[in-house]
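Structure file target.cif (mmCIF, C-alpha atoms) follows.
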```
data_my_file
loop_
_atom_site.group_PDB
_atom_site.id
_atom_site.type_symbol
_atom_site.label_atom_id
_atom_site.label_comp_id
_atom_site.auth_asym_id
_atom_site.auth_seq_id
_atom_site.Cartn_x
_atom_site.Cartn_y
_atom_site.Cartn_z
ATOM 1 C CA MET A 1 48.093 26.571 5.484
ATOM 2 C CA MET A 2 49.707 23.101 5.522
ATOM 3 C CA LYS A 3 47.155 21.906 8.092
ATOM 4 C CA ASN A 4 44.271 23.085 5.849
ATOM 5 C CA LEU A 5 45.834 21.293 2.866
ATOM 6 C CA ILE A 6 46.093 18.034 4.843
ATOM 7 C CA VAL A 7 42.467 18.358 5.983
ATOM 8 C CA PHE A 8 41.389 19.012 2.377
ATOM 9 C CA PHE A 9 43.245 15.931 1.051
ATOM 10 C CA PHE A 10 41.910 13.775 3.882
ATOM 11 C CA PHE A 11 38.343 14.920 3.111
ATOM 12 C CA ALA A 12 38.874 14.354 -0.640
ATOM 13 C CA PHE A 13 40.190 10.852 0.127
ATOM 14 C CA LEU A 14 37.114 10.040 2.194
ATOM 15 C CA VAL A 15 34.754 11.325 -0.481
ATOM 16 C CA THR A 16 36.582 9.406 -3.207
ATOM 17 C CA PHE A 17 36.959 6.103 -1.396
ATOM 18 C CA SER A 18 33.870 5.937 0.769
ATOM 19 C CA PHE A 19 30.547 4.808 -0.568
ATOM 20 C CA GLU A 20 27.645 5.957 1.592
ATOM 21 C CA MET A 21 24.626 3.744 0.983
ATOM 22 C CA LYS A 22 22.023 5.917 2.703
ATOM 23 C CA GLY A 23 19.387 7.260 0.336
ATOM 24 C CA GLN A 24 20.122 4.762 -2.406
ATOM 25 C CA THR A 25 18.061 1.958 -3.873
ATOM 26 C CA TYR A 26 19.418 -1.138 -5.622
ATOM 27 C CA ASN A 27 17.556 -3.882 -7.427
ATOM 28 C CA THR A 28 17.963 -7.083 -9.433
ATOM 29 C CA ASP A 29 15.830 -9.541 -11.350
ATOM 30 C CA LYS A 30 18.610 -12.043 -12.072
ATOM 31 C CA GLY A 31 19.928 -13.093 -8.681
ATOM 32 C CA ARG A 32 20.629 -16.716 -7.810
ATOM 33 C CA ALA A 33 18.626 -18.626 -5.220
ATOM 34 C CA GLU A 34 19.562 -22.141 -4.214
ATOM 35 C CA PHE A 35 18.313 -24.687 -1.729
ATOM 36 C CA LEU A 36 20.241 -27.677 -0.462
ATOM 37 C CA SER A 37 18.489 -30.740 0.896
ATOM 38 C CA LYS A 38 20.789 -33.154 2.732
ATOM 39 C CA ALA A 39 18.927 -36.273 3.834
ATOM 40 C CA ALA A 40 20.478 -39.526 5.067
ATOM 41 C CA LEU A 41 20.408 -41.286 1.686
ATOM 42 C CA ASN A 42 19.931 -38.414 -0.733
ATOM 43 C CA GLU A 43 21.329 -34.945 -1.316
ATOM 44 C CA PHE A 44 20.290 -32.537 -4.031
ATOM 45 C CA THR A 45 20.166 -28.865 -4.888
ATOM 46 C CA GLY A 46 17.472 -26.739 -6.478
ATOM 47 C CA VAL A 47 18.543 -23.585 -8.298
ATOM 48 C CA SER A 48 16.938 -20.550 -9.903
ATOM 49 C CA ASP A 49 18.629 -17.580 -11.535
ATOM 50 C CA ASP A 50 15.438 -15.509 -11.358
ATOM 51 C CA LEU A 51 15.684 -14.058 -7.848
ATOM 52 C CA ASN A 52 14.175 -10.570 -7.710
ATOM 53 C CA GLY A 53 15.296 -8.156 -5.055
ATOM 54 C CA LEU A 54 15.273 -4.597 -3.832
ATOM 55 C CA LEU A 55 17.467 -2.942 -1.181
ATOM 56 C CA ASP A 56 16.398 0.523 -0.057
ATOM 57 C CA PHE A 57 19.120 2.056 2.082
ATOM 58 C CA GLU A 58 17.095 5.193 2.817
ATOM 59 C CA LYS A 59 14.465 3.085 4.576
ATOM 60 C CA ASN A 60 17.002 0.372 5.505
ATOM 61 C CA SER A 61 14.587 -2.174 4.041
ATOM 62 C CA PHE A 62 14.658 -5.062 1.595
ATOM 63 C CA ASP A 63 12.331 -7.330 -0.371
ATOM 64 C CA PHE A 64 13.489 -10.470 -2.193
ATOM 65 C CA PHE A 65 11.224 -12.968 -3.902
ATOM 66 C CA ILE A 66 11.375 -15.871 -6.308
ATOM 67 C CA ASP A 67 8.847 -17.649 -8.481
ATOM 68 C CA LEU A 68 9.136 -21.217 -7.186
ATOM 69 C CA ASN A 69 8.242 -22.527 -10.646
ATOM 70 C CA THR A 70 11.726 -21.445 -11.790
ATOM 71 C CA LEU A 71 13.523 -23.836 -9.375
ATOM 72 C CA LYS A 72 15.288 -26.705 -11.099
ATOM 73 C CA THR A 73 16.903 -29.727 -9.430
ATOM 74 C CA GLY A 74 18.280 -31.407 -12.535
ATOM 75 C CA ILE A 75 15.530 -34.040 -12.734
ATOM 76 C CA GLY A 76 12.343 -32.939 -14.501
ATOM 77 C CA LEU A 77 10.044 -35.457 -12.803
ATOM 78 C CA ARG A 78 11.357 -34.482 -9.363
ATOM 79 C CA ASP A 79 10.824 -30.803 -10.253
ATOM 80 C CA ARG A 80 7.225 -31.457 -11.264
ATOM 81 C CA HIS A 81 6.480 -33.465 -8.103
ATOM 82 C CA MET A 82 8.162 -30.806 -5.943
ATOM 83 C CA ARG A 83 6.010 -28.069 -7.490
ATOM 84 C CA GLU A 84 2.702 -29.952 -7.660
ATOM 85 C CA ASN A 85 2.749 -32.117 -4.520
ATOM 86 C CA TYR A 86 4.872 -30.289 -1.969
ATOM 87 C CA LEU A 87 5.294 -26.602 -2.774
ATOM 88 C CA GLU A 88 1.859 -26.432 -4.433
ATOM 89 C CA THR A 89 3.029 -23.636 -6.713
ATOM 90 C CA LYS A 90 -0.331 -23.211 -8.422
ATOM 91 C CA LYS A 91 -1.692 -22.001 -5.086
ATOM 92 C CA TYR A 92 1.552 -20.570 -3.592
ATOM 93 C CA PRO A 93 3.820 -19.569 -6.498
ATOM 94 C CA TYR A 94 6.285 -17.357 -4.591
ATOM 95 C CA ALA A 95 8.733 -17.442 -1.712
ATOM 96 C CA GLU A 96 9.557 -14.006 -0.262
ATOM 97 C CA PHE A 97 11.771 -12.489 2.415
ATOM 98 C CA THR A 98 11.035 -8.897 3.466
ATOM 99 C CA GLY A 99 12.250 -6.795 6.337
ATOM 100 C CA LYS A 100 14.845 -4.374 7.659
ATOM 101 C CA ILE A 101 18.631 -4.265 7.660
ATOM 102 C CA ASN A 102 19.786 -4.010 11.272
ATOM 103 C CA GLU A 103 22.918 -1.927 10.630
ATOM 104 C CA GLN A 104 23.642 1.268 8.728
ATOM 105 C CA VAL A 105 25.580 0.294 5.625
ATOM 106 C CA LYS A 106 28.637 2.243 4.572
ATOM 107 C CA LEU A 107 31.151 0.613 2.252
ATOM 108 C CA GLU A 108 34.578 1.622 1.082
ATOM 109 C CA LYS A 109 35.709 0.814 -2.451
ATOM 110 C CA GLY A 110 36.243 -2.906 -2.918
ATOM 111 C CA GLN A 111 35.273 -3.817 0.638
ATOM 112 C CA SER A 112 32.559 -5.974 2.163
ATOM 113 C CA LYS A 113 30.385 -5.569 5.220
ATOM 114 C CA LEU A 114 28.696 -8.262 7.255
ATOM 115 C CA LEU A 115 25.170 -7.421 8.308
ATOM 116 C CA ASN A 116 22.008 -8.923 9.730
ATOM 117 C CA ALA A 117 18.558 -8.663 8.239
ATOM 118 C CA THR A 118 15.438 -9.084 10.360
ATOM 119 C CA GLY A 119 12.307 -9.970 8.480
ATOM 120 C CA THR A 120 9.586 -12.376 7.502
ATOM 121 C CA PHE A 121 10.166 -15.373 5.258
ATOM 122 C CA LYS A 122 6.998 -16.497 3.445
ATOM 123 C CA ILE A 123 6.494 -19.744 1.567
ATOM 124 C CA HIS A 124 3.592 -22.151 1.061
ATOM 125 C CA GLY A 125 1.143 -19.651 2.570
ATOM 126 C CA LYS A 126 3.002 -19.513 5.914
ATOM 127 C CA GLU A 127 5.242 -16.854 7.454
ATOM 128 C CA LYS A 128 8.033 -16.981 9.982
ATOM 129 C CA ASN A 129 10.120 -14.164 11.450
ATOM 130 C CA MET A 130 13.865 -14.669 11.358
ATOM 131 C CA VAL A 131 17.247 -12.978 11.433
ATOM 132 C CA VAL A 132 19.482 -13.749 8.464
ATOM 133 C CA PRO A 133 23.199 -12.942 8.343
ATOM 134 C CA GLY A 134 24.552 -11.666 5.058
ATOM 135 C CA LYS A 135 27.351 -9.842 3.342
ATOM 136 C CA ILE A 136 27.280 -6.816 1.044
ATOM 137 C CA THR A 137 30.264 -6.178 -1.222
ATOM 138 C CA TRP A 138 31.011 -2.963 -3.093
ATOM 139 C CA ILE A 139 31.476 -3.779 -6.809
ATOM 140 C CA SER A 140 31.342 -0.261 -8.304
ATOM 141 C CA ASP A 141 29.658 3.114 -7.778
ATOM 142 C CA SER A 142 26.517 1.633 -9.307
ATOM 143 C CA GLU A 143 26.624 -2.023 -8.233
ATOM 144 C CA ILE A 144 26.783 -4.071 -5.044
ATOM 145 C CA GLN A 145 26.690 -7.802 -4.385
ATOM 146 C CA LEU A 146 24.599 -9.438 -1.683
ATOM 147 C CA GLU A 147 25.148 -12.945 -0.307
ATOM 148 C CA ALA A 148 23.181 -14.688 2.441
ATOM 149 C CA THR A 149 22.595 -18.206 3.718
ATOM 150 C CA PHE A 150 19.951 -19.386 6.161
ATOM 151 C CA LYS A 151 18.073 -22.542 7.151
ATOM 152 C CA ILE A 152 14.382 -23.311 7.295
ATOM 153 C CA LEU A 153 12.383 -26.275 8.556
ATOM 154 C CA LEU A 154 9.755 -27.540 6.132
ATOM 155 C CA SER A 155 7.357 -28.272 9.003
ATOM 156 C CA ASP A 156 7.339 -24.540 9.917
ATOM 157 C CA TYR A 157 5.668 -23.924 6.558
ATOM 158 C CA ASN A 158 3.419 -27.005 6.434
ATOM 159 C CA ILE A 159 5.404 -28.479 3.547
ATOM 160 C CA ALA A 160 5.073 -32.264 3.508
ATOM 161 C CA ILE A 161 8.171 -34.422 3.271
ATOM 162 C CA PRO A 162 8.018 -37.071 0.513
ATOM 163 C CA SER A 163 8.017 -40.635 1.762
ATOM 164 C CA VAL A 164 9.355 -42.158 -1.478
ATOM 165 C CA ILE A 165 13.001 -43.088 -0.847
ATOM 166 C CA PHE A 166 14.416 -41.726 -4.134
ATOM 167 C CA TYR A 167 12.796 -38.346 -3.381
ATOM 168 C CA GLU A 168 13.968 -38.355 0.218
ATOM 169 C CA LEU A 169 13.987 -34.791 1.473
ATOM 170 C CA SER A 170 15.521 -33.341 4.592
ATOM 171 C CA GLU A 171 13.316 -31.527 7.114
ATOM 172 C CA GLU A 172 15.977 -28.798 7.220
ATOM 173 C CA GLN A 173 16.719 -26.908 4.010
ATOM 174 C CA THR A 174 19.670 -24.562 3.524
ATOM 175 C CA ILE A 175 18.761 -21.529 1.417
ATOM 176 C CA SER A 176 21.485 -19.417 -0.223
ATOM 177 C CA ILE A 177 21.143 -16.288 -2.300
ATOM 178 C CA LYS A 178 23.693 -14.358 -4.299
ATOM 179 C CA ALA A 179 22.805 -11.317 -6.349
ATOM 180 C CA ASN A 180 24.447 -8.351 -7.982
ATOM 181 C CA LEU A 181 22.167 -5.365 -7.506
ATOM 182 C CA LYS A 182 22.355 -2.258 -9.652
ATOM 183 C CA LYS A 183 21.742 1.237 -8.396
ATOM 184 C CA LYS A 184 18.231 2.259 -9.328
ATOM 185 C CA THR A 185 18.213 5.470 -11.282
ATOM 186 C CA VAL A 186 15.490 7.968 -10.584
ATOM 187 C CA ASN A 187 13.763 9.380 -13.631
ATOM 188 C CA THR A 188 13.425 13.143 -13.139
ATOM 189 C CA LYS A 189 11.009 13.711 -16.031
#
```

Would you mind writing the file out in structure tokens?
Amino acid sequence: MMKNLIVFFFFAFLVTFSFEMKGQTYNTDKGRAEFLSKAALNEFTGVSDDLNGLLDFEKNSFDFFIDLNTLKTGIGLRDRHMRENYLETKKYPYAEFTGKINEQVKLEKGQSKLLNATGTFKIHGKEKNMVVPGKITWISDSEIQLEATFKILLSDYNIAIPSVIFYELSEEQTISIKANLKKKTVNTK
């Protein structure tokens, strides 16, 4: 009898404090995307708070994208030149990263899990396969947070580097994302 009671409490503890991600979908339309350009004489950051994303733990897949027209560096003229001359956002308005999560995700209340995502990063009409490390943190039963940082080379995507010294841009860009994703509710009607 005592053994059965211990097993019951252990099982109840696991159910209460374990958060199985399988079969659940999370999304956001207000994540943060940031790029950092560190060149010899110039360093600046571009930021957007309009990152859209979807994590589907049933399929172990993800899709994150951003409208590049929402990136802001703090200088309007630089933003306009970046969009018109280098990113060519009229022709290529979005950057997107899609793929699969390499590990099964199971979180316990308040904990984080490191993971790797394998997918395709698309920008400026070009694609490149990559593996991106990230971290998922349990926020609540209906919310998780995702953070990831990776590097790209502009030449891999045929993005020209400005030659004007005050717009000096590094060949290597560091991309960071941070987003709180809410559990997607399924409408049964």

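Applied to this file, the PyMOL selection byres ((chain A and resi 37) around 9) selects Phe35, Leu36, Lys38, Ala39, Asn42, Glu43, Phe44, Thr45, Gly46, Glu168, Leu169, Ser170, Glu171, Glu172, Gln173 and Thr174 of chain A.
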
Grab all the atoms of segment 134-144 of chain A that the file lists, wrap them in a box along x, y and z, add 8 Å per side, and give me centre plus edge lengths in Å (one decimal) as lines of an AutoDock Vina configuration file.
```
center_x = 28.0
center_y = -4.3
center_z = -2.1
size_x = 22.9
size_y = 30.8
size_z = 30.4
```

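Taking atom CA of Asp67 of chain A and atom CA of Leu41 of chain A as endpoints, the distance between them is 28.2 Å.
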
TODO: Measuring atom to atom with all atoms listed in the file, identify which of A:Lys100, A:Lys122, A:Arg78, A:Lys30 is nearest to Ala179 of chain A.
DONE: A:Lys30

Open item on the list: Between atom CA of Ile139 of chain A and atom CA of Asn27 of chain A, what distance in Å does the model show, to one decimal?
Closed with: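 These atoms are spaced 13.9 Å apart.
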
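What the PyMOL selection byres ((chain A and resi 72) around 12) matches in the given file is Arg32, Ala33, Glu34, Phe35, Leu36, Phe44, Thr45, Gly46, Val47, Ser48, Asp49, Asp50, Asp67, Leu68, Asn69, Thr70, Leu71, Thr73, Gly74, Ile75, Gly76, Leu77, Arg78, Asp79, Arg80, His81, Met82 and Arg83 of chain A.
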
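Note on the selection: in this file the PyMOL selection byres ((chain A and resi 128) around 10) comes out as Phe97, Gly119, Thr120, Phe121, Lys122, Ile123, Lys126, Glu127, Asn129, Met130, Ile152, Asp156 and Tyr157 of chain A.
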
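Note that the spacing between atom CA of His124 of chain A and atom CA of Ile101 of chain A amounts to 24.3 Å.
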
Open item on the list: When you count all atoms listed in the file, which of these residues is closest to Gln104 of chain A: A:Gln145, A:Asn60, A:Thr137, A:Asn52?
Closed with: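 When distances to Gln104 of chain A are compared using all atoms listed in the file, the smallest one comes from A:Asn60.
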
Open item on the list: I need the residue nearest Lys106 of chain A from this list: A:Ser61, A:Lys90, A:Ile144, A:Thr28. Use only C-alpha atoms for the distance.
Closed with: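 Once distances to Lys106 of chain A are computed over only C-alpha atoms, the minimum belongs to A:Ile144.
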
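Residues in contact with segment 131-133 of chain A at 12 Å, where all atoms listed in the file are counted and same-chain residues fewer than 6 positions away are skipped, are listed as A:Phe97, A:Thr98, A:Gly99, A:Lys100, A:Ile101, A:Asn102, A:Glu103, A:Lys113, A:Leu114, A:Leu115, A:Asn116, A:Ala117, A:Thr118, A:Gly119, A:Thr120, A:Phe121, A:Leu146, A:Glu147, A:Ala148, A:Thr149, A:Phe150, A:Lys151, A:Ile152, A:Thr174, A:Ile175, A:Ser176, A:Ile177.
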
TODO: Rank nothing, just name the residue among A:Leu153, A:Leu54, A:Ile66, A:Ala95 nearest to Gln24 of chain A, using all atoms listed in the file.
DONE: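 Comparing A:Leu153, A:Leu54, A:Ile66, A:Ala95 against Gln24 of chain A, the winner is A:Leu54.
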
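Using all atoms listed in the file, the nearest neighbour of Leu51 of chain A within the list A:Lys91, A:Lys178, A:Lys135, A:Lys183 is A:Lys178.
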
Open item on the list: Under the rule that all atoms listed in the file are counted, which of A:Leu154, A:Ser140, A:Pro93, A:Glu84 is the nearest residue to Lys109 of chain A?
Closed with: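 Smallest distance to Lys109 of chain A is found for A:Ser140.
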